[in-house]
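Trainee: So here's my_file04.tsv, just TSV, C-alpha atoms:
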chain	number	residue	atom	x	y	z
A	1391	MET	CA	0.00	0.00	0.00
A	1392	LYS	CA	2.80	2.41	0.89
A	1393	GLN	CA	4.56	1.49	-2.35
A	1394	LEU	CA	1.35	2.25	-4.31
A	1395	ARG	CA	0.92	5.63	-2.62
A	1396	LYS	CA	4.55	6.47	-3.30
A	1397	GLN	CA	4.07	5.50	-6.97
A	1398	ASN	CA	0.92	7.64	-7.25
A	1399	LYS	CA	2.68	10.60	-5.65
A	1400	SER	CA	5.61	10.18	-8.01
A	1401	ASN	CA	3.27	10.07	-11.03
A	1402	LEU	CA	1.50	13.19	-9.79
A	1403	ILE	CA	4.78	15.10	-9.43
A	1404	ILE	CA	5.86	14.02	-12.91
A	1405	GLY	CA	2.49	15.04	-14.37
A	1406	PHE	CA	2.57	18.40	-12.60
A	1407	THR	CA	6.09	19.06	-13.89
A	1408	ILE	CA	5.07	18.16	-17.45
A	1409	GLU	CA	2.08	20.52	-17.31
A	1410	ILE	CA	4.26	23.37	-16.04
A	1411	ILE	CA	6.78	22.78	-18.84
A	1412	LEU	CA	3.99	22.66	-21.45
A	1413	LEU	CA	2.51	25.89	-20.10
A	1414	ILE	CA	5.90	27.64	-20.24
A	1415	LEU	CA	6.37	26.40	-23.81
A	1416	CYS	CA	2.91	27.72	-24.75
A	1417	VAL	CA	3.80	31.09	-23.20
A	1418	PHE	CA	6.94	31.33	-25.33
A	1419	LEU	CA	4.95	30.35	-28.44
A	1420	SER	CA	2.32	32.98	-27.61
A	1421	VAL	CA	4.94	35.70	-27.31
A	1422	ALA	CA	6.80	34.51	-30.42
A	1423	TYR	CA	4.01	34.11	-32.99
A	1424	GLY	CA	1.75	36.74	-34.52
A	1425	SER	CA	1.84	39.21	-37.40
A	1426	LYS	CA	5.54	39.62	-36.55
A	1427	GLN	CA	7.50	36.52	-35.49
A	1428	ILE	CA	10.01	36.99	-32.68
A	1429	PRO	CA	12.94	34.52	-32.33
A	1430	PHE	CA	13.05	32.52	-29.10
A	1431	ALA	CA	16.55	33.84	-28.40
A	1432	ASP	CA	15.22	37.40	-28.31
A	1433	ILE	CA	12.33	36.38	-26.06
A	1434	PHE	CA	14.71	34.67	-23.66
A	1435	GLY	CA	16.95	37.73	-23.77
A	1436	TYR	CA	13.98	39.99	-23.01
A	1437	PHE	CA	13.05	38.01	-19.90
A	1438	THR	CA	16.65	37.79	-18.70
A	1439	GLY	CA	17.23	41.53	-19.06
A	1440	ARG	CA	19.52	41.40	-22.09
A	1441	ASP	CA	19.33	44.29	-24.57
A	1442	ILE	CA	17.36	43.45	-27.72
A	1443	ASP	CA	16.01	45.37	-30.70
A	1444	ALA	CA	13.58	48.10	-29.56
A	1445	PHE	CA	10.89	47.10	-32.05
A	1446	LYS	CA	11.01	43.44	-30.95
A	1447	ALA	CA	10.86	44.54	-27.32
A	1448	ALA	CA	7.75	46.62	-28.10
A	1449	VAL	CA	6.08	43.64	-29.79
A	1450	ILE	CA	6.83	41.43	-26.79
A	1451	ASP	CA	5.48	44.12	-24.44
A	1452	ALA	CA	2.24	44.17	-26.42
A	1453	ARG	CA	1.83	40.37	-26.39
A	1454	ILE	CA	2.53	39.72	-22.71
A	1455	PRO	CA	-0.83	41.06	-21.39
A	1456	ARG	CA	-2.66	38.91	-23.95
A	1457	THR	CA	-0.71	35.85	-22.86
A	1458	VAL	CA	-1.23	36.49	-19.13
A	1459	PHE	CA	-4.95	37.03	-19.70
A	1460	GLY	CA	-5.08	33.80	-21.72
A	1461	ILE	CA	-3.45	31.91	-18.85
A	1462	LEU	CA	-5.96	33.24	-16.31
A	1463	ALA	CA	-8.95	32.75	-18.62
A	1464	GLY	CA	-7.98	29.19	-19.57
A	1465	ALA	CA	-7.33	28.23	-15.96
A	1466	ALA	CA	-10.66	29.74	-14.89
A	1467	LEU	CA	-12.59	27.85	-17.58
A	1468	GLY	CA	-10.78	24.59	-16.76
A	1469	VAL	CA	-11.65	24.85	-13.07
A	1470	SER	CA	-15.22	25.96	-13.84
A	1471	GLY	CA	-15.77	22.90	-16.01
A	1472	ALA	CA	-14.34	20.59	-13.34
A	1473	LEU	CA	-16.72	22.05	-10.74
A	1474	MET	CA	-19.75	21.78	-13.02
A	1475	GLN	CA	-18.94	18.15	-13.79
A	1476	ALA	CA	-18.48	17.37	-10.10
A	1477	ILE	CA	-21.75	18.83	-8.78
A	1478	THR	CA	-23.79	17.23	-11.57
A	1479	ARG	CA	-21.75	14.00	-11.64
A	1480	ASN	CA	-21.84	14.44	-15.39
A	1481	PRO	CA	-18.85	14.29	-17.77
A	1482	ILE	CA	-20.42	16.70	-20.31
A	1483	ALA	CA	-21.42	19.45	-17.86
A	1484	ASP	CA	-19.35	22.16	-19.54
A	1485	PRO	CA	-20.47	25.74	-18.74
A	1486	SER	CA	-21.18	26.44	-22.42
A	1487	ILE	CA	-23.25	23.27	-22.79
A	1488	LEU	CA	-25.30	24.15	-19.70
A	1489	GLY	CA	-26.25	27.49	-21.21
A	1490	VAL	CA	-24.08	29.57	-18.89
A	1491	ASN	CA	-22.33	31.37	-21.74
A	1492	THR	CA	-25.61	32.17	-23.49
A	1493	GLY	CA	-27.13	33.51	-20.27
A	1494	ALA	CA	-24.11	35.72	-19.77
A	1495	SER	CA	-24.32	36.81	-23.42
A	1496	LEU	CA	-27.94	37.88	-23.02
A	1497	MET	CA	-27.16	40.09	-20.05
A	1498	VAL	CA	-24.13	41.55	-21.83
A	1499	VAL	CA	-26.15	42.51	-24.90
A	1500	ILE	CA	-28.82	44.01	-22.63
A	1501	GLY	CA	-26.09	46.05	-20.96
A	1502	ILE	CA	-24.76	47.24	-24.32
A	1503	ALA	CA	-28.19	48.01	-25.82
A	1504	TYR	CA	-30.12	49.51	-22.93
A	1505	LEU	CA	-27.71	50.41	-20.14
A	1506	ASP	CA	-24.83	51.86	-22.19
A	1507	ILE	CA	-22.36	49.45	-20.56
A	1508	SER	CA	-19.63	48.02	-22.78
A	1509	SER	CA	-16.77	47.12	-20.43
A	1510	GLY	CA	-15.53	46.99	-16.87
A	1511	MET	CA	-16.93	45.78	-13.55
A	1512	LYS	CA	-20.58	46.48	-14.40
A	1513	LEU	CA	-20.37	44.20	-17.42
A	1514	ILE	CA	-18.89	41.43	-15.27
A	1515	GLY	CA	-21.75	41.88	-12.80
A	1516	LEU	CA	-24.37	41.58	-15.54
A	1517	SER	CA	-22.59	38.57	-17.02
A	1518	PHE	CA	-22.48	36.87	-13.62
A	1519	ILE	CA	-26.22	37.39	-13.05
A	1520	GLY	CA	-27.08	36.02	-16.48
A	1521	ALA	CA	-24.79	33.01	-16.11
A	1522	LEU	CA	-26.14	32.12	-12.65
A	1523	LEU	CA	-29.80	32.39	-13.68
A	1524	SER	CA	-29.18	30.34	-16.82
A	1525	ALA	CA	-27.36	27.58	-14.92
A	1526	LEU	CA	-30.12	27.35	-12.31
A	1527	PHE	CA	-32.80	27.24	-15.00
A	1528	VAL	CA	-31.07	24.50	-17.02
A	1529	TYR	CA	-30.38	22.35	-13.97
A	1530	GLY	CA	-33.96	22.83	-12.75
A	1531	ILE	CA	-35.42	21.69	-16.08
A	1532	ALA	CA	-33.07	18.69	-16.29
A	1533	SER	CA	-33.91	17.62	-12.72
A	1534	VAL	CA	-37.62	17.20	-13.48
A	1535	GLY	CA	-38.83	13.65	-14.01
A	1536	TYR	CA	-37.35	10.20	-13.58
A	1537	GLY	CA	-33.61	9.84	-13.11
A	1538	GLY	CA	-32.81	13.42	-12.16
A	1539	ALA	CA	-30.32	15.51	-14.12
A	1540	SER	CA	-28.85	12.84	-16.40
A	1541	SER	CA	-26.23	13.52	-19.07
A	1542	ILE	CA	-28.68	13.53	-21.97
A	1543	LYS	CA	-31.31	15.62	-20.12
A	1544	LEU	CA	-28.72	18.23	-19.19
A	1545	ALA	CA	-27.46	18.42	-22.77
A	1546	LEU	CA	-31.01	18.73	-24.15
A	1547	ALA	CA	-32.08	21.29	-21.54
A	1548	GLY	CA	-28.90	23.28	-22.13
A	1549	ALA	CA	-29.44	23.22	-25.89
A	1550	ALA	CA	-33.07	24.32	-25.54
A	1551	VAL	CA	-32.28	27.15	-23.13
A	1552	SER	CA	-29.29	28.25	-25.20
A	1553	THR	CA	-31.45	28.38	-28.33
A	1554	ALA	CA	-34.16	30.39	-26.57
A	1555	LEU	CA	-31.71	32.85	-25.02
A	1556	GLY	CA	-29.82	33.10	-28.32
A	1557	SER	CA	-33.07	34.15	-30.00
A	1558	LEU	CA	-33.53	36.87	-27.40
A	1559	VAL	CA	-29.97	38.05	-28.01
A	1560	ASN	CA	-30.67	38.34	-31.75
A	1561	THR	CA	-33.98	40.10	-31.11
A	1562	ILE	CA	-32.21	42.78	-29.07
A	1563	MET	CA	-29.13	43.04	-31.27
A	1564	LEU	CA	-30.38	42.97	-34.86
A	1565	PRO	CA	-32.48	46.18	-34.93
A	1566	ASP	CA	-29.53	48.31	-33.76
A	1567	SER	CA	-26.40	48.31	-35.93
A	1568	ASN	CA	-24.30	49.92	-33.17
A	1569	VAL	CA	-25.22	47.19	-30.70
A	1570	MET	CA	-24.53	44.55	-33.35
A	1571	LYS	CA	-21.13	46.07	-34.09
A	1572	SER	CA	-20.17	46.11	-30.39
A	1573	TYR	CA	-21.45	42.60	-29.80
A	1574	ARG	CA	-20.34	40.65	-32.87
A	1575	PHE	CA	-16.62	40.81	-32.07
A	1576	TRP	CA	-17.29	39.90	-28.43
A	1577	GLN	CA	-19.55	36.91	-29.14
A	1578	VAL	CA	-16.94	34.81	-31.01
A	1579	GLY	CA	-14.66	34.65	-27.98
A	1580	SER	CA	-11.25	36.26	-28.24
A	1581	VAL	CA	-8.30	37.29	-26.10
A	1582	GLY	CA	-6.81	39.43	-28.88
A	1583	GLY	CA	-7.71	42.76	-27.32
A	1584	ALA	CA	-6.72	41.86	-23.76
A	1585	SER	CA	-4.83	44.51	-21.81
A	1586	TRP	CA	-3.34	44.83	-18.35
A	1587	GLU	CA	-6.63	46.45	-17.30
A	1588	ASP	CA	-8.47	43.27	-18.27
A	1589	VAL	CA	-5.94	41.21	-16.31
A	1590	LYS	CA	-6.53	43.40	-13.24
A	1591	LEU	CA	-10.31	43.03	-13.60
A	1592	LEU	CA	-10.17	39.24	-13.99
A	1593	THR	CA	-7.60	38.50	-11.27
A	1594	PRO	CA	-9.80	38.97	-8.14
A	1595	PHE	CA	-12.63	36.89	-9.61
A	1596	PHE	CA	-10.15	34.22	-10.67
A	1597	ALA	CA	-8.49	34.13	-7.25
A	1598	GLY	CA	-11.82	34.01	-5.40
A	1599	GLY	CA	-13.28	31.30	-7.62
A	1600	VAL	CA	-10.20	29.07	-7.48
A	1601	LEU	CA	-9.94	29.51	-3.70
A	1602	LEU	CA	-13.57	28.42	-3.28
A	1603	ALA	CA	-12.92	25.48	-5.61
A	1604	LEU	CA	-9.94	24.30	-3.58
A	1605	ILE	CA	-11.90	24.65	-0.33
A	1606	CYS	CA	-14.81	22.64	-1.75
A	1607	SER	CA	-12.65	19.90	-3.30
A	1608	PRO	CA	-12.63	17.47	-0.31
A	1609	GLY	CA	-16.40	17.72	0.01
A	1610	LEU	CA	-16.83	17.16	-3.72
A	1611	ASN	CA	-14.93	13.87	-3.39
A	1612	ALA	CA	-17.61	12.72	-0.96
A	1613	LEU	CA	-20.38	14.08	-3.20
A	1614	LEU	CA	-19.12	11.96	-6.09
A	1615	LEU	CA	-20.01	8.88	-4.00
A	1616	GLY	CA	-23.67	9.96	-3.96
A	1617	ASP	CA	-25.77	12.34	-1.89
A	1618	GLU	CA	-26.66	9.81	0.81
A	1619	MET	CA	-23.04	8.76	1.32
A	1620	ALA	CA	-21.91	12.39	1.42
A	1621	ILE	CA	-24.54	13.25	4.03
A	1622	SER	CA	-23.49	10.26	6.15
A	1623	LEU	CA	-19.92	11.61	6.01
A	1624	GLY	CA	-21.08	14.95	7.41
A	1625	VAL	CA	-21.19	16.93	4.16
A	1626	LYS	CA	-23.88	19.61	3.84
A	1627	VAL	CA	-24.82	18.67	0.30
A	1628	GLY	CA	-27.08	21.61	-0.50
A	1629	HIS	CA	-24.62	24.16	0.84
A	1630	LEU	CA	-21.71	22.49	-0.97
A	1631	ARG	CA	-23.55	22.45	-4.31
A	1632	PHE	CA	-24.48	26.12	-3.96
A	1633	VAL	CA	-20.96	27.29	-3.10
A	1634	THR	CA	-19.41	25.11	-5.80
A	1635	ALA	CA	-21.87	26.35	-8.43
A	1636	LEU	CA	-21.19	29.91	-7.28
A	1637	ALA	CA	-17.46	29.41	-7.78
A	1638	GLY	CA	-17.94	27.82	-11.20
A	1639	VAL	CA	-20.28	30.54	-12.44
A	1640	LEU	CA	-18.03	33.27	-11.01
A	1641	LEU	CA	-15.05	31.93	-12.97
A	1642	CYS	CA	-16.96	31.36	-16.20
A	1643	ALA	CA	-18.96	34.59	-16.12
A	1644	SER	CA	-15.96	36.83	-15.46
A	1645	VAL	CA	-14.08	35.34	-18.42
A	1646	THR	CA	-17.17	35.54	-20.64
A	1647	ALA	CA	-17.73	39.21	-19.77
A	1648	LEU	CA	-14.19	40.20	-20.74
A	1649	ALA	CA	-13.36	37.80	-23.60
A	1650	GLY	CA	-16.70	36.57	-24.88
A	1651	PRO	CA	-18.07	33.03	-24.71
A	1652	ILE	CA	-15.17	30.58	-25.15
A	1653	GLY	CA	-16.54	27.06	-25.22
A	1654	PHE	CA	-15.25	23.52	-24.66
A	1655	VAL	CA	-12.14	24.34	-22.57
A	1656	GLY	CA	-14.12	23.43	-19.45
A	1657	LEU	CA	-15.33	20.25	-21.13
A	1658	MET	CA	-12.07	18.90	-22.52
A	1659	MET	CA	-9.50	19.57	-19.85
A	1660	PRO	CA	-11.22	18.18	-16.70
A	1661	HIS	CA	-12.15	15.04	-18.62
A	1662	ILE	CA	-8.59	14.50	-19.82
A	1663	ILE	CA	-7.22	15.14	-16.31
A	1664	ARG	CA	-9.72	12.68	-14.84
A	1665	LEU	CA	-8.65	9.99	-17.30
A	1666	ILE	CA	-4.99	10.48	-16.35
A	1667	TYR	CA	-5.14	11.07	-12.58
A	1668	GLY	CA	-8.45	9.59	-11.45
A	1669	GLY	CA	-11.38	11.27	-9.73
A	1670	ASP	CA	-9.77	13.06	-6.77
A	1671	MET	CA	-11.04	16.66	-6.99
A	1672	ARG	CA	-8.08	17.88	-4.92
A	1673	ILE	CA	-5.95	16.91	-7.92
A	1674	ILE	CA	-8.43	17.63	-10.72
A	1675	VAL	CA	-8.94	21.30	-9.76
A	1676	PRO	CA	-5.29	22.48	-9.87
A	1677	MET	CA	-4.41	20.22	-12.80
A	1678	SER	CA	-7.42	21.46	-14.78
A	1679	ALA	CA	-6.27	25.01	-14.09
A	1680	LEU	CA	-2.81	24.32	-15.51
A	1681	GLY	CA	-4.14	22.30	-18.44
A	1682	GLY	CA	-6.86	24.82	-19.26
A	1683	ALA	CA	-4.33	27.65	-19.25
A	1684	ALA	CA	-2.01	25.78	-21.62
A	1685	LEU	CA	-4.91	24.76	-23.89
A	1686	LEU	CA	-6.30	28.27	-24.27
A	1687	VAL	CA	-2.91	29.88	-24.86
A	1688	LEU	CA	-2.04	27.18	-27.41
A	1689	SER	CA	-5.42	27.63	-29.14
A	1690	ASP	CA	-4.73	31.35	-29.36
A	1691	VAL	CA	-1.37	30.63	-30.99
A	1692	ILE	CA	-2.99	28.20	-33.47
A	1693	GLY	CA	-5.54	30.86	-34.37
A	1694	ARG	CA	-2.79	33.37	-35.10
A	1695	VAL	CA	-0.81	30.90	-37.22
A	1696	LEU	CA	-3.78	29.61	-39.24
A	1697	GLY	CA	-5.25	33.08	-39.77
A	1698	SER	CA	-1.98	34.81	-40.66
A	1699	PRO	CA	-1.55	37.66	-41.53
A	1700	GLY	CA	-4.72	38.19	-39.49
A	1701	GLU	CA	-5.95	35.73	-36.87
A	1702	LEU	CA	-8.78	33.36	-36.02
A	1703	GLU	CA	-10.48	34.05	-32.69
A	1704	VAL	CA	-9.62	31.58	-29.95
A	1705	GLY	CA	-13.29	30.63	-29.50
A	1706	ILE	CA	-13.32	29.20	-33.03
A	1707	ILE	CA	-10.23	27.08	-32.37
A	1708	THR	CA	-11.48	25.70	-29.04
A	1709	ALA	CA	-14.79	24.79	-30.71
A	1710	LEU	CA	-12.98	22.95	-33.51
A	1711	LEU	CA	-10.88	21.06	-30.96
A	1712	GLY	CA	-13.70	20.48	-28.49
A	1713	ALA	CA	-16.52	19.26	-30.73
A	1714	PRO	CA	-14.90	15.86	-31.48
A	1715	VAL	CA	-14.10	15.41	-27.77
A	1716	PHE	CA	-17.72	16.16	-26.86
A	1717	ILE	CA	-19.00	13.59	-29.40
A	1718	TRP	CA	-16.55	11.00	-28.06
A	1719	ILE	CA	-17.61	11.59	-24.42
A	1720	VAL	CA	-21.32	11.32	-25.28
A	1721	TYR	CA	-20.67	8.13	-27.28
A	1722	LYS	CA	-18.63	6.60	-24.46
A	1723	THR	CA	-21.24	7.54	-21.84
A	1724	LYS	CA	-24.06	6.11	-23.95
A	1725	ALA	CA	-22.13	2.89	-24.65
A	1726	ARG	CA	-21.46	2.44	-20.92
A	1727	SER	CA	-25.16	2.76	-20.09
A	1728	ILE	CA	-26.23	0.03	-22.54
What do you get writing this file as C-alpha cells?
Mentor:
Amino acid sequence: MKQLRKQNKSNLIIGFTIEIILLILCVFLSVAYGSKQIPFADIFGYFTGRDIDAFKAAVIDARIPRTVFGILAGAALGVSGALMQAITRNPIADPSILGVNTGASLMVVIGIAYLDISSGMKLIGLSFIGALLSALFVYGIASVGYGGASSIKLALAGAAVSTALGSLVNTIMLPDSNVMKSYRFWQVGSVGGASWEDVKLLTPFFAGGVLLALICSPGLNALLLGDEMAISLGVKVGHLRFVTALAGVLLCASVTALAGPIGFVGLMMPHIIRLIYGGDMRIIVPMSALGGAALLVLSDVIGRVLGSPGELEVGIITALLGAPVFIWIVYKTKARSI
C-alpha cells in the first residue's frame, strides 16, 4: 500500500512538472508568434534583461498582457468545467453546454443596448447574473422527471435554453447596428484585445473562484459517492452544491464578460485530467487550471498561425478542438449505459 501511494505521488509530481513545462512552452509560443514573429533567443533575452532590438521589445510588451490574460482565462474555464462536472456528476457538464455562456451573453447585450455598458466591472456583474440564472434554469429543467439531471437531459435542456436565449440576443441586437457592431466581435470569444486592465479586472474573480474550488474539493470527493453517502460523512450537500456552483459561475462569467463566450475548454480539460489522474477533486482542480491555461494559450497561438496575416479568434479554435471530444464523451457515456 505504501509502495502504491509512493508511486501515485511520483506520477503526480511528474504530471505536474510536465504541465508546467507545457505551459511555459505555450507562453513562449504565444509571445513569439503573430503578425511579426520573434525569435526565441530574443524572447529569452527579453526576460533575462539582455538588450534586444527596440521594435522586438515593443512587440513582446504588447503580447505579454494577452498571454497572461489567456493563462488566467484558460485556468478559470478549466476549473469551472471541473466544478460543473463534479456537482452534476456528469462528464459533459461544460459551462457552455449548460447554457451559462448564453445567459451571460444575453445580459451583456442588454447592458450594451439599454444600459450603455460596454466594459468593466458592471459588465462582469451583468454577465455573472445572467450566467447564474441560466445555470439554475437549465439544472432545474433537467432535474424534473425520472432519473434526475442525467447527461442527456442536461445536454437537451442546455441546448433548448441556449437556443431560446440566443433568439432573445438576436432580437435585441439585430435592430440596432451599433449594438450589433459592439457585440459581434465579443460573441466569437477572443483574447486578442486583452490589456493589463483586463488582467486586473479578472484576477480577483479568478483568485476568489479558485480559492472556493480548492476549499470545496474534499467535500466534492464525498459528493461523487452519492448524496446519501456524502450526508453520512457529514457533508452539507445543499450548501456544498451552492458554493461550488457559485465558484464555477463566477469563474466562467468573469471570463465571458471580458473575452466573450469561449466554449469547450471546461469540457475537454477536466475530462482529460480525470482519465490520467483519477477522480480526486483535490488533484483535478489544480491540474485542470494548468491544463486549461495551456490549452487556451495554445489555441490562441494556433488561431494566429492559421489566420496569418490576421488571426482566427480563440473561440473558433477551441470549438474545432472540443466538438470531437464532446462527441466521443457522449458516445462513451451512452455505450457504458447500454
Trainee: Give me the residues near stretch 1656-1660 of chain A as a PyMOL selection string, where near means some atom within 8 Å (using all atoms listed in the file) and where sequence neighbours in that chain fewer than 4 positions away do not count.
Mentor: chain A and resi 1467-1472+1481-1485+1664+1674-1675+1678+1681-1682+1712+1715-1716
Trainee: Could the residues in this selection be saved with C-alpha atoms as a tab-separated table (two decimals), in the frame of the given file?
Mentor:
chain	number	residue	atom	x	y	z
A	1467	LEU	CA	-12.59	27.85	-17.58
A	1468	GLY	CA	-10.78	24.59	-16.76
A	1469	VAL	CA	-11.65	24.85	-13.07
A	1470	SER	CA	-15.22	25.96	-13.84
A	1471	GLY	CA	-15.77	22.90	-16.01
A	1472	ALA	CA	-14.34	20.59	-13.34
A	1481	PRO	CA	-18.85	14.29	-17.77
A	1482	ILE	CA	-20.42	16.70	-20.31
A	1483	ALA	CA	-21.42	19.45	-17.86
A	1484	ASP	CA	-19.35	22.16	-19.54
A	1485	PRO	CA	-20.47	25.74	-18.74
A	1664	ARG	CA	-9.72	12.68	-14.84
A	1674	ILE	CA	-8.43	17.63	-10.72
A	1675	VAL	CA	-8.94	21.30	-9.76
A	1678	SER	CA	-7.42	21.46	-14.78
A	1681	GLY	CA	-4.14	22.30	-18.44
A	1682	GLY	CA	-6.86	24.82	-19.26
A	1712	GLY	CA	-13.70	20.48	-28.49
A	1715	VAL	CA	-14.10	15.41	-27.77
A	1716	PHE	CA	-17.72	16.16	-26.86
Trainee: Set the distance at 9 Å and use only C-alpha atoms: which residues neighbour stretch 1571-1583 of chain A once local chain neighbours fewer than 3 positions away are removed? I'd like the list as a VMD selection string.
Mentor: chain A and resid 1456 to 1457 1459 to 1460 1463 1495 1498 to 1499 1502 1508 1563 1566 to 1568 1646 to 1653 1690 1701 to 1706
Trainee: What's the separation between atom CA of A:Ala1709 and atom CA of A:Val1687, in Å to one decimal place?
Mentor: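 These atoms are spaced 14.2 Å apart.
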Trainee: Rank A:Leu1473, A:Leu1402, A:Ile1461, A:Ala1494 by their smallest atom-to-atom distance to A:Phe1632, using all atoms listed in the file, and report the top residue only.
Mentor: A:Leu1473
Trainee: Residues at most 9 Å from A:Val1639, counting only C-alpha atoms, excluding those fewer than 2 positions away in the same chain, as a PyMOL selection string?
Mentor: chain A and resi 1470+1474+1485+1490+1518+1521-1522+1525+1599+1634-1637+1641-1644
Trainee: Given all atoms listed in the file as the basis, pick out the residue of A:Leu1640, A:Ala1431, A:Ala1465, A:Ile1717 nearest to A:Gly1520.
Mentor: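 The shortest atom-to-atom distance to A:Gly1520 comes from A:Leu1640.
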Trainee: Could you please give me, as a ChimeraX atom specification, the residues of protein, DNA or RNA lying at most 12 Å from (3.1, 38.1, -23.2) in the coordinate frame of the file, considering all atoms listed in the file?
Mentor: /A:1414,1416-1424,1428,1433,1436-1437,1447-1461,1581-1582,1584-1586,1589,1687,1691
Trainee: For the residues selected in the previous step, produce a file with C-alpha atoms as a PDB file, keeping the file's coordinate frame.
Mentor:
ATOM      1  CA  ILE A1414       5.900  27.640 -20.240  1.00  0.00           C
ATOM      2  CA  CYS A1416       2.910  27.720 -24.750  1.00  0.00           C
ATOM      3  CA  VAL A1417       3.800  31.090 -23.200  1.00  0.00           C
ATOM      4  CA  PHE A1418       6.940  31.330 -25.330  1.00  0.00           C
ATOM      5  CA  LEU A1419       4.950  30.350 -28.440  1.00  0.00           C
ATOM      6  CA  SER A1420       2.320  32.980 -27.610  1.00  0.00           C
ATOM      7  CA  VAL A1421       4.940  35.700 -27.310  1.00  0.00           C
ATOM      8  CA  ALA A1422       6.800  34.510 -30.420  1.00  0.00           C
ATOM      9  CA  TYR A1423       4.010  34.110 -32.990  1.00  0.00           C
ATOM     10  CA  GLY A1424       1.750  36.740 -34.520  1.00  0.00           C
ATOM     11  CA  ILE A1428      10.010  36.990 -32.680  1.00  0.00           C
ATOM     12  CA  ILE A1433      12.330  36.380 -26.060  1.00  0.00           C
ATOM     13  CA  TYR A1436      13.980  39.990 -23.010  1.00  0.00           C
ATOM     14  CA  PHE A1437      13.050  38.010 -19.900  1.00  0.00           C
ATOM     15  CA  ALA A1447      10.860  44.540 -27.320  1.00  0.00           C
ATOM     16  CA  ALA A1448       7.750  46.620 -28.100  1.00  0.00           C
ATOM     17  CA  VAL A1449       6.080  43.640 -29.790  1.00  0.00           C
ATOM     18  CA  ILE A1450       6.830  41.430 -26.790  1.00  0.00           C
ATOM     19  CA  ASP A1451       5.480  44.120 -24.440  1.00  0.00           C
ATOM     20  CA  ALA A1452       2.240  44.170 -26.420  1.00  0.00           C
ATOM     21  CA  ARG A1453       1.830  40.370 -26.390  1.00  0.00           C
ATOM     22  CA  ILE A1454       2.530  39.720 -22.710  1.00  0.00           C
ATOM     23  CA  PRO A1455      -0.830  41.060 -21.390  1.00  0.00           C
ATOM     24  CA  ARG A1456      -2.660  38.910 -23.950  1.00  0.00           C
ATOM     25  CA  THR A1457      -0.710  35.850 -22.860  1.00  0.00           C
ATOM     26  CA  VAL A1458      -1.230  36.490 -19.130  1.00  0.00           C
ATOM     27  CA  PHE A1459      -4.950  37.030 -19.700  1.00  0.00           C
ATOM     28  CA  GLY A1460      -5.080  33.800 -21.720  1.00  0.00           C
ATOM     29  CA  ILE A1461      -3.450  31.910 -18.850  1.00  0.00           C
ATOM     30  CA  VAL A1581      -8.300  37.290 -26.100  1.00  0.00           C
ATOM     31  CA  GLY A1582      -6.810  39.430 -28.880  1.00  0.00           C
ATOM     32  CA  ALA A1584      -6.720  41.860 -23.760  1.00  0.00           C
ATOM     33  CA  SER A1585      -4.830  44.510 -21.810  1.00  0.00           C
ATOM     34  CA  TRP A1586      -3.340  44.830 -18.350  1.00  0.00           C
ATOM     35  CA  VAL A1589      -5.940  41.210 -16.310  1.00  0.00           C
ATOM     36  CA  VAL A1687      -2.910  29.880 -24.860  1.00  0.00           C
ATOM     37  CA  VAL A1691      -1.370  30.630 -30.990  1.00  0.00           C
TER      38      VAL A1691
END
Trainee: Let me make sure I understand: among A:Ile1719, A:Leu1602, A:Met1570, A:Met1677, which one has the smallest atom-to-atom distance to A:Ile1404 if we use only C-alpha atoms?
Mentor: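 Checking each of A:Ile1719, A:Leu1602, A:Met1570, A:Met1677 against A:Ile1404, counting only C-alpha atoms, the winner is A:Met1677.
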Trainee: What is the distance, in Å and to one decimal place, between atom CA of A:Gly1638 and atom CA of A:His1661?
Mentor: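 Atom-to-atom, atom CA of A:Gly1638 to atom CA of A:His1661, that is 15.9 Å.
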Trainee: When you draw a straight line from atom CA of A:Pro1699 to atom CA of A:Lys1426, how long is it in Å?
Mentor: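 Taking atom CA of A:Pro1699 as the start and atom CA of A:Lys1426 as the end point, the length is 8.9 Å.
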